[in-house]
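Novice: My structure is in coords11.cif, and what it holds is mmCIF, C-alpha atoms:
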```
data_final
loop_
_atom_site.label_atom_id
_atom_site.label_comp_id
_atom_site.auth_asym_id
_atom_site.auth_seq_id
_atom_site.Cartn_x
_atom_site.Cartn_y
_atom_site.Cartn_z
CA MET A 83 33.99 10.64 -36.03
CA LEU A 84 30.97 12.60 -37.27
CA ILE A 85 31.11 14.52 -40.54
CA ASP A 86 28.87 17.31 -41.82
CA ALA A 87 29.18 17.03 -45.60
CA HIS A 88 27.30 20.26 -46.36
CA ASN A 89 26.60 23.42 -44.38
CA HIS A 90 26.85 27.22 -44.38
CA LEU A 91 28.48 27.93 -41.03
CA HIS A 92 29.72 31.30 -42.31
CA ASP A 93 26.13 32.55 -42.74
CA ALA A 94 25.13 35.84 -41.12
CA TRP A 95 22.44 34.00 -39.15
CA LEU A 96 25.17 32.07 -37.30
CA ALA A 97 27.73 34.88 -37.02
CA PRO A 98 26.67 35.99 -33.50
CA HIS A 99 27.13 32.41 -32.23
CA GLN A 100 30.24 31.42 -34.17
CA ALA A 101 32.80 30.85 -31.39
CA LYS A 102 30.31 28.98 -29.18
CA LEU A 103 29.06 27.02 -32.17
CA LEU A 104 32.48 25.72 -33.18
CA ALA A 105 33.21 24.64 -29.61
CA GLU A 106 29.88 22.80 -29.40
CA LEU A 107 30.48 21.07 -32.73
CA ALA A 108 33.86 19.84 -31.54
CA ALA A 109 32.39 18.69 -28.21
CA ALA A 110 29.63 16.83 -30.09
CA GLY A 111 32.27 14.79 -31.95
CA VAL A 112 32.11 16.53 -35.32
CA SER A 113 35.52 16.12 -36.95
CA TYR A 114 34.96 17.63 -40.41
CA ALA A 115 32.48 20.18 -41.72
CA VAL A 116 32.35 21.31 -45.35
CA VAL A 117 31.41 25.01 -45.43
CA ASN A 118 29.77 25.94 -48.73
CA GLY A 119 29.85 29.42 -50.21
CA THR A 120 27.09 30.32 -52.64
CA CYS A 121 27.93 33.74 -54.12
CA GLU A 122 30.75 36.17 -54.70
CA THR A 123 30.00 38.23 -51.60
CA ASP A 124 30.17 35.30 -49.17
CA TRP A 125 33.27 33.53 -50.56
CA PRO A 126 35.58 35.74 -48.41
CA ASP A 127 33.46 34.88 -45.33
CA VAL A 128 33.97 31.17 -46.03
CA ALA A 129 37.72 31.67 -46.30
CA ARG A 130 37.87 33.62 -43.02
CA LEU A 131 35.84 31.01 -41.16
CA ALA A 132 37.97 28.17 -42.50
CA GLY A 133 40.95 29.75 -40.77
CA LYS A 134 39.34 29.30 -37.36
CA THR A 135 39.80 26.16 -35.32
CA ALA A 136 38.36 24.17 -32.45
CA PRO A 137 39.94 21.05 -30.90
CA GLY A 138 39.39 18.10 -33.24
CA LEU A 139 37.27 20.05 -35.74
CA THR A 140 38.44 20.82 -39.29
CA LEU A 141 36.45 23.26 -41.42
CA LEU A 142 36.81 22.66 -45.16
CA PRO A 143 35.99 25.65 -47.40
CA SER A 144 34.03 25.13 -50.60
CA TYR A 145 33.14 27.76 -53.21
CA GLY A 146 30.43 27.87 -55.84
CA LEU A 147 27.76 30.00 -57.46
CA HIS A 148 24.34 28.78 -56.30
CA PRO A 149 21.49 28.80 -58.85
CA TRP A 150 19.61 31.33 -56.71
CA ASP A 151 22.56 33.69 -57.13
CA VAL A 152 23.21 33.16 -60.83
CA GLY A 153 20.91 36.05 -61.71
CA ASN A 154 22.95 38.52 -59.65
CA ARG A 155 26.45 37.40 -60.60
CA SER A 156 29.00 40.00 -61.66
CA PRO A 157 30.76 40.03 -65.04
CA ASP A 158 33.89 38.84 -63.18
CA TRP A 159 32.29 35.94 -61.32
CA GLN A 160 34.39 33.29 -63.05
CA LYS A 161 37.64 35.12 -62.30
CA ASN A 162 36.48 35.67 -58.72
CA LEU A 163 35.66 31.99 -58.28
CA LEU A 164 39.06 30.96 -59.62
CA GLY A 165 40.62 33.35 -57.12
CA ALA A 166 38.61 31.96 -54.22
CA LEU A 167 39.71 28.45 -55.18
CA GLY A 168 43.33 29.52 -55.59
CA LEU A 169 43.26 28.34 -59.20
CA GLU A 170 44.26 31.52 -61.04
CA GLY A 171 47.13 30.46 -63.26
CA ALA A 172 47.20 26.96 -61.71
CA PRO A 173 47.85 24.07 -64.10
CA VAL A 174 45.15 21.47 -64.61
CA SER A 175 45.64 18.77 -61.99
CA THR A 176 44.37 15.28 -61.30
CA GLY A 177 43.66 15.86 -57.63
CA THR A 178 44.92 17.42 -54.44
CA ALA A 179 48.69 17.36 -54.08
CA HIS A 180 50.08 15.66 -51.00
CA GLY A 181 50.17 18.13 -48.14
CA ALA A 182 48.14 20.75 -50.00
CA ALA A 183 44.90 22.19 -48.64
CA PRO A 184 41.96 20.49 -50.38
CA ARG A 185 39.97 22.58 -52.85
CA MET A 186 36.24 22.02 -53.06
CA MET A 187 33.47 23.39 -55.24
CA GLY A 188 29.92 24.11 -54.26
CA GLU A 189 27.38 24.65 -53.97
CA PHE A 190 26.17 25.06 -57.51
CA GLY A 191 23.39 23.43 -59.49
CA LEU A 192 19.92 23.84 -60.97
CA ASP A 193 16.68 25.07 -59.40
CA ARG A 194 13.35 25.10 -61.24
CA TRP A 195 11.43 25.68 -57.97
CA ILE A 196 12.37 29.36 -57.86
CA LEU A 197 10.83 29.73 -61.33
CA ASP A 198 7.72 27.56 -61.11
CA ARG A 199 6.65 27.17 -57.49
CA ALA A 200 8.25 29.83 -55.27
CA ARG A 201 5.96 32.63 -54.17
CA ALA A 202 6.66 36.07 -55.58
CA ASP A 203 7.04 37.43 -52.03
CA ASP A 204 9.22 34.61 -50.64
CA TRP A 205 11.57 36.43 -48.22
CA ARG A 206 14.44 34.08 -49.03
CA LEU A 207 14.52 35.37 -52.61
CA THR A 208 14.22 39.07 -51.84
CA GLY A 209 16.53 41.10 -54.07
CA LEU A 210 17.43 38.16 -56.28
CA ARG A 211 16.80 38.01 -60.01
CA ARG A 212 15.53 34.51 -60.68
CA ALA A 213 17.70 33.31 -63.56
CA PRO A 214 15.96 31.10 -66.13
CA LEU A 215 17.03 27.48 -66.33
CA GLU A 216 19.08 28.04 -69.48
CA GLU A 217 21.15 30.67 -67.68
CA GLN A 218 21.50 28.45 -64.62
CA SER A 219 22.65 25.61 -66.88
CA GLU A 220 25.39 27.74 -68.42
CA ALA A 221 26.77 28.64 -64.98
CA PHE A 222 26.44 25.03 -63.86
CA LEU A 223 28.32 23.62 -66.84
CA TRP A 224 31.21 26.08 -66.46
CA GLN A 225 31.59 25.12 -62.80
CA LEU A 226 31.25 21.40 -63.54
CA GLU A 227 33.98 21.61 -66.17
CA LEU A 228 36.24 23.43 -63.69
CA ALA A 229 35.64 20.72 -61.09
CA ALA A 230 36.31 18.01 -63.69
CA ALA A 231 39.49 19.65 -64.98
CA HIS A 232 40.98 19.74 -61.48
CA ASN A 233 39.20 16.65 -60.11
CA LEU A 234 37.63 18.69 -57.31
CA PRO A 235 34.82 17.36 -55.10
CA ALA A 236 31.64 19.17 -56.07
CA SER A 237 28.53 19.77 -53.97
CA ILE A 238 25.46 20.08 -56.21
CA HIS A 239 22.07 21.62 -55.44
CA CYS A 240 18.95 20.56 -57.31
CA ILE A 241 15.24 21.19 -56.85
CA ASP A 242 12.60 20.24 -59.44
CA ALA A 243 15.18 19.82 -62.24
CA TRP A 244 16.39 16.25 -61.82
CA GLY A 245 15.97 15.21 -65.44
CA GLN A 246 17.83 18.25 -66.71
CA LEU A 247 20.58 17.73 -64.13
CA HIS A 248 21.05 14.11 -65.13
CA ASP A 249 21.26 15.01 -68.81
CA LEU A 250 23.87 17.71 -68.17
CA LEU A 251 25.96 15.40 -66.00
CA ARG A 252 25.68 12.46 -68.41
CA ASN A 253 26.80 14.56 -71.37
CA SER A 254 29.66 16.40 -69.63
CA ARG A 255 33.03 15.74 -68.07
CA ARG A 256 32.74 15.05 -64.35
CA PRO A 257 35.27 14.85 -61.48
CA THR A 258 36.59 11.30 -61.43
CA ARG A 259 36.33 11.29 -57.63
CA GLY A 260 32.56 11.89 -57.91
CA PHE A 261 30.18 14.58 -56.70
CA LEU A 262 27.63 15.12 -53.93
CA LEU A 263 23.91 15.61 -54.50
CA HIS A 264 23.30 17.43 -51.25
CA ALA A 265 20.04 16.78 -49.37
CA TYR A 266 18.94 14.52 -52.22
CA SER A 267 15.17 14.66 -52.67
CA GLY A 268 14.87 13.44 -56.23
CA PRO A 269 12.98 10.43 -57.55
CA ASP A 270 13.77 7.00 -56.13
CA GLU A 271 14.33 5.59 -59.61
CA MET A 272 17.08 8.15 -60.33
CA VAL A 273 19.38 7.07 -57.48
CA LYS A 274 21.05 4.37 -59.57
CA PRO A 275 21.44 6.50 -62.74
CA PHE A 276 23.02 9.29 -60.68
CA ALA A 277 25.21 6.83 -58.77
CA ASP A 278 26.38 5.37 -62.09
CA LEU A 279 27.62 8.88 -62.97
CA GLY A 280 29.54 9.18 -59.67
CA ALA A 281 26.99 10.63 -57.28
CA PHE A 282 27.04 10.49 -53.50
CA PHE A 283 23.84 11.35 -51.60
CA SER A 284 23.61 13.20 -48.28
CA PHE A 285 20.85 12.64 -45.75
CA ASN A 286 19.52 15.78 -44.04
CA GLY A 287 17.93 15.89 -40.58
CA SER A 288 14.86 17.71 -41.91
CA PHE A 289 13.94 14.44 -43.64
CA LEU A 290 12.91 13.21 -40.18
CA GLU A 291 9.76 15.34 -40.39
CA PRO A 292 6.84 12.86 -40.24
CA ARG A 293 5.46 13.93 -43.63
CA ARG A 294 8.74 13.07 -45.42
CA THR A 295 8.20 9.32 -45.37
CA ARG A 296 9.33 8.84 -48.99
CA LEU A 297 12.75 10.35 -48.37
CA ARG A 298 13.34 8.26 -45.26
CA GLU A 299 12.45 5.13 -47.21
CA LEU A 300 14.68 6.23 -50.08
CA PHE A 301 17.68 6.74 -47.77
CA SER A 302 17.11 3.38 -46.14
CA ARG A 303 18.09 1.95 -49.56
CA VAL A 304 20.77 4.33 -50.86
CA PRO A 305 23.90 2.23 -51.52
CA ALA A 306 26.06 2.23 -48.40
CA ASP A 307 29.17 3.26 -50.31
CA ARG A 308 27.41 6.42 -51.61
CA LEU A 309 25.98 7.68 -48.33
CA LEU A 310 26.86 10.93 -46.51
CA VAL A 311 25.18 13.05 -43.80
CA GLU A 312 24.69 16.82 -43.66
CA THR A 313 23.00 19.65 -41.76
CA ASP A 314 22.74 22.49 -44.36
CA ALA A 315 22.84 24.75 -41.28
CA PRO A 316 21.48 27.33 -40.72
CA ALA A 317 18.67 25.97 -42.94
CA MET A 318 16.72 22.69 -42.78
CA ARG A 319 16.08 22.19 -39.06
CA LEU A 320 15.26 18.83 -37.53
CA PRO A 321 11.77 18.39 -36.10
CA ALA A 322 11.68 20.43 -32.89
CA ALA A 323 11.07 17.35 -30.74
CA LEU A 324 14.40 15.86 -31.90
CA GLU A 325 16.57 18.94 -31.40
CA LYS A 326 18.95 18.26 -28.52
CA PHE A 327 20.62 21.60 -29.26
CA PRO A 328 17.96 24.34 -29.39
CA PRO A 329 17.70 26.48 -32.52
CA LEU A 330 19.80 29.62 -32.57
CA PRO A 331 18.18 33.08 -32.60
CA THR A 332 19.11 35.12 -35.65
CA PRO A 333 19.58 38.89 -36.00
CA ASP A 334 16.26 39.19 -37.85
CA GLY A 335 14.27 37.26 -35.24
CA ARG A 336 14.14 33.86 -36.94
CA LEU A 337 15.52 30.54 -35.70
CA ALA A 338 18.54 28.82 -37.22
CA ASN A 339 19.38 25.13 -37.40
CA HIS A 340 22.02 24.23 -34.80
CA PRO A 341 24.52 21.99 -36.64
CA ALA A 342 25.52 20.08 -33.48
CA ASN A 343 22.25 18.19 -33.94
CA LEU A 344 24.19 16.21 -36.53
CA ALA A 345 24.60 13.35 -34.04
CA THR A 346 20.82 12.99 -33.79
CA THR A 347 20.64 12.77 -37.58
CA TYR A 348 23.24 9.99 -37.57
CA GLU A 349 21.30 8.11 -34.87
CA ALA A 350 18.04 8.32 -36.81
CA LEU A 351 19.65 7.29 -40.10
CA ALA A 352 21.32 4.29 -38.44
CA GLN A 353 17.90 3.17 -37.19
CA LEU A 354 16.38 3.63 -40.64
CA ARG A 355 19.08 1.47 -42.21
CA GLY A 356 19.12 -1.17 -39.45
CA VAL A 357 22.80 -0.69 -38.58
CA THR A 358 24.65 0.45 -35.49
CA PHE A 359 25.61 4.07 -34.99
CA GLU A 360 29.27 3.07 -35.04
CA ASP A 361 28.96 1.12 -38.29
CA LEU A 362 27.16 4.01 -39.98
CA ALA A 363 29.75 6.52 -38.77
CA GLY A 364 32.57 4.33 -40.07
CA GLN A 365 30.91 3.89 -43.45
CA VAL A 366 30.22 7.61 -43.82
CA GLU A 367 33.77 8.47 -42.84
CA GLY A 368 35.16 6.17 -45.53
CA ASN A 369 32.79 7.62 -48.14
CA PHE A 370 33.71 11.16 -47.12
CA ARG A 371 37.42 10.48 -47.43
CA ARG A 372 36.95 8.98 -50.90
CA LEU A 373 35.00 11.97 -52.18
CA PHE A 374 36.43 14.96 -50.34
CA LEU A 375 39.96 14.21 -49.10
#
```
Could you quickly redo this structure as structure tokens?

Specialist:
Amino acid sequence: MLIDAHNHLHDAWLAPHQAKLLAELAAAGVSYAVVNGTCETDWPDVARLAGKTAPGLTLLPSYGLHPWDVGNRSPDWQKNLLGALGLEGAPVSTGTAHGAAPRMMGEFGLDRWILDRARADDWRLTGLRRAPLEEQSEAFLWQLELAAAHNLPASIHCIDAWGQLHDLLRNSRRPTRGFLLHAYSGPDEMVKPFADLGAFFSFNGSFLEPRRTRLRELFSRVPADRLLVETDAPAMRLPAALEKFPPLPTPDGRLANHPANLATTYEALAQLRGVTFEDLAGQVEGNFRRLFL
């Protein structure tokens, strides 16, 4: 059983390939894939995709307001998020009721990179107002409290704001089941402090790029019971030489990460950690069930 703990399979880049993509994921042995919405306009797309099936593959919808999208949120974003999660008028709970569809939050988080290091003409940020960190923090804390109140698994994004993220998490209520720091690229010395707060850490195939030695070494030491694997498709491709499934052409002429390369990511991570593929897959499955199901 292979599990993609974080992706965006609903994305417009993947829309032309969706039916073929789901079949290839199922054939590649992917059993669960958590599909993360990032803004009000794509939450309905996540819900529609989650209703589709392929043999052996379960798509789990997740909804959140990404820090890149905080600056363009509507006045009704909180109401809209509650609606996407099916929580309007729902009582505070301590987890998912038996037989009920799991609710998941994410991705949301903090991003100082868009403020300090991103180029003014970065095409990925076209049309977005780059919310200051204080504004991002307000949106983050509201979503974190919602996840804590309902004990929902939360997928958290962070770039260049690890200290601030730790402080907010440490001083706030958190889901008792924990939370995911997706594609963790923070400092080595913060793995334990985050884990002490309930963090899980997902390894991304782009970390196999030769220049990303530090992240490979970091994930060789992440505690086994806090380890997950992700694609972040259509973003964060593997090195081209490792892609068994070729990248997918997008409507605007770019190339998208094919999420069926997840198996290659598992293989590489097993080698990094000195364990068998089967042992890694079993460990990740157990971790995934503890956090998400």

Novice: Applied to this file, what does the PyMOL selection byres ((chain A and resi 290-295) around 10) return in terms of residues, put as a PyMOL selection string?

Specialist: chain A and resi 267+285-289+296-300+319-324+347+350-351

Novice: Would you write out, as a PDB file with C-alpha atoms, in the frame of the given file, every residue that the PyMOL selection byres ((chain A and resi 92) around 7) captures in this file?

Specialist:
```pdb
ATOM      1  CA  HIS A  90      26.850  27.220 -44.380  1.00  0.00           C
ATOM      2  CA  LEU A  91      28.480  27.930 -41.030  1.00  0.00           C
ATOM      3  CA  ASP A  93      26.130  32.550 -42.740  1.00  0.00           C
ATOM      4  CA  ALA A  94      25.130  35.840 -41.120  1.00  0.00           C
ATOM      5  CA  LEU A  96      25.170  32.070 -37.300  1.00  0.00           C
ATOM      6  CA  ALA A  97      27.730  34.880 -37.020  1.00  0.00           C
ATOM      7  CA  ASP A 127      33.460  34.880 -45.330  1.00  0.00           C
ATOM      8  CA  VAL A 128      33.970  31.170 -46.030  1.00  0.00           C
ATOM      9  CA  LEU A 131      35.840  31.010 -41.160  1.00  0.00           C
TER      10      LEU A 131
END
```

Novice: Report as an MDAnalysis selection string the full result of the PyMOL selection byres ((chain A and resi 137-143) around 10) when it is applied to this structure.

Specialist: chainID A and resid 83:88 90:92 104:105 107:109 111:119 125 127:136 144:145 166:167 183:188 374:375

Novice: Just how far from CA of Phe222 in chain A is CA of Asp204 in chain A, in Å to one decimal?

Specialist: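 Going from CA of Asp204 in chain A over to CA of Phe222 in chain A, I get 23.7 Å.
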
Novice: Using all atoms listed in the file, which protein or nucleic acid residues come within 12 Å of Arg259 in chain A? Drop anything in the same chain fewer than 6 positions from it, and give the result as a count of residues only.

Specialist: 24

Novice: Calculated over only C-alpha atoms, which of the candidates A:Arg303, A:Lys326, A:Lys161, A:His239 has the smallest distance to Trp195 in chain A?

Specialist: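 Among the listed residues, A:His239 lies closest to Trp195 in chain A.
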
Novice: Considering only C-alpha atoms, return as an mmCIF file with C-alpha atoms, in the coordinates of the input whatever protein or nucleic-acid residues lie within 10 Å of Leu223 in chain A, sequence-local ones (same chain, fewer than 6 positions apart) excluded.

Specialist:
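Below you can see result_34.cif, which holds the result:
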```cif
data_model
loop_
_atom_site.group_PDB
_atom_site.id
_atom_site.type_symbol
_atom_site.label_atom_id
_atom_site.label_comp_id
_atom_site.auth_asym_id
_atom_site.auth_seq_id
_atom_site.Cartn_x
_atom_site.Cartn_y
_atom_site.Cartn_z
ATOM 1 C CA PHE A 190 26.170 25.060 -57.510
ATOM 2 C CA GLY A 191 23.390 23.430 -59.490
ATOM 3 C CA ALA A 229 35.640 20.720 -61.090
ATOM 4 C CA LEU A 250 23.870 17.710 -68.170
ATOM 5 C CA LEU A 251 25.960 15.400 -66.000
ATOM 6 C CA SER A 254 29.660 16.400 -69.630
ATOM 7 C CA ARG A 255 33.030 15.740 -68.070
ATOM 8 C CA ARG A 256 32.740 15.050 -64.350
#
```

Novice: Have a look at A:Cys240, A:Cys121, A:Ala277, A:Ala338 and name the one nearest to Arg252 in chain A; count only C-alpha atoms.

Specialist: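 Ranking A:Cys240, A:Cys121, A:Ala277, A:Ala338 by distance to Arg252 in chain A, first place goes to A:Ala277.
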
Novice: One number please: CA of Pro98 in chain A to CA of Asp151 in chain A, in Å, one decimal.

Specialist: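 Distance between the two atoms: 24.1 Å.
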
Novice: Please determine, counting only C-alpha atoms, which residue among A:Ser302, A:Leu197, A:Asp307, A:Arg155 has the shortest atom-to-atom distance to Gln353 in chain A.

Specialist: A:Ser302

Novice: Here's a test: counting all atoms listed in the file, identify every protein, DNA and RNA residue with an atom at most 9 Å from (14.4, 31.5, -64.7) in the file's coordinate frame, and state them as a PyMOL selection string.

Specialist: chain A and resi 153+193-194+196-198+211-218

Novice: Give the answer as one residue: which of A:Gln100, A:Thr358, A:Thr208, A:Ser284 has the shortest atom-to-atom distance to Pro341 in chain A, using all atoms listed in the file?

Specialist: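 Nearest candidate to Pro341 in chain A out of A:Gln100, A:Thr358, A:Thr208, A:Ser284: A:Gln100.
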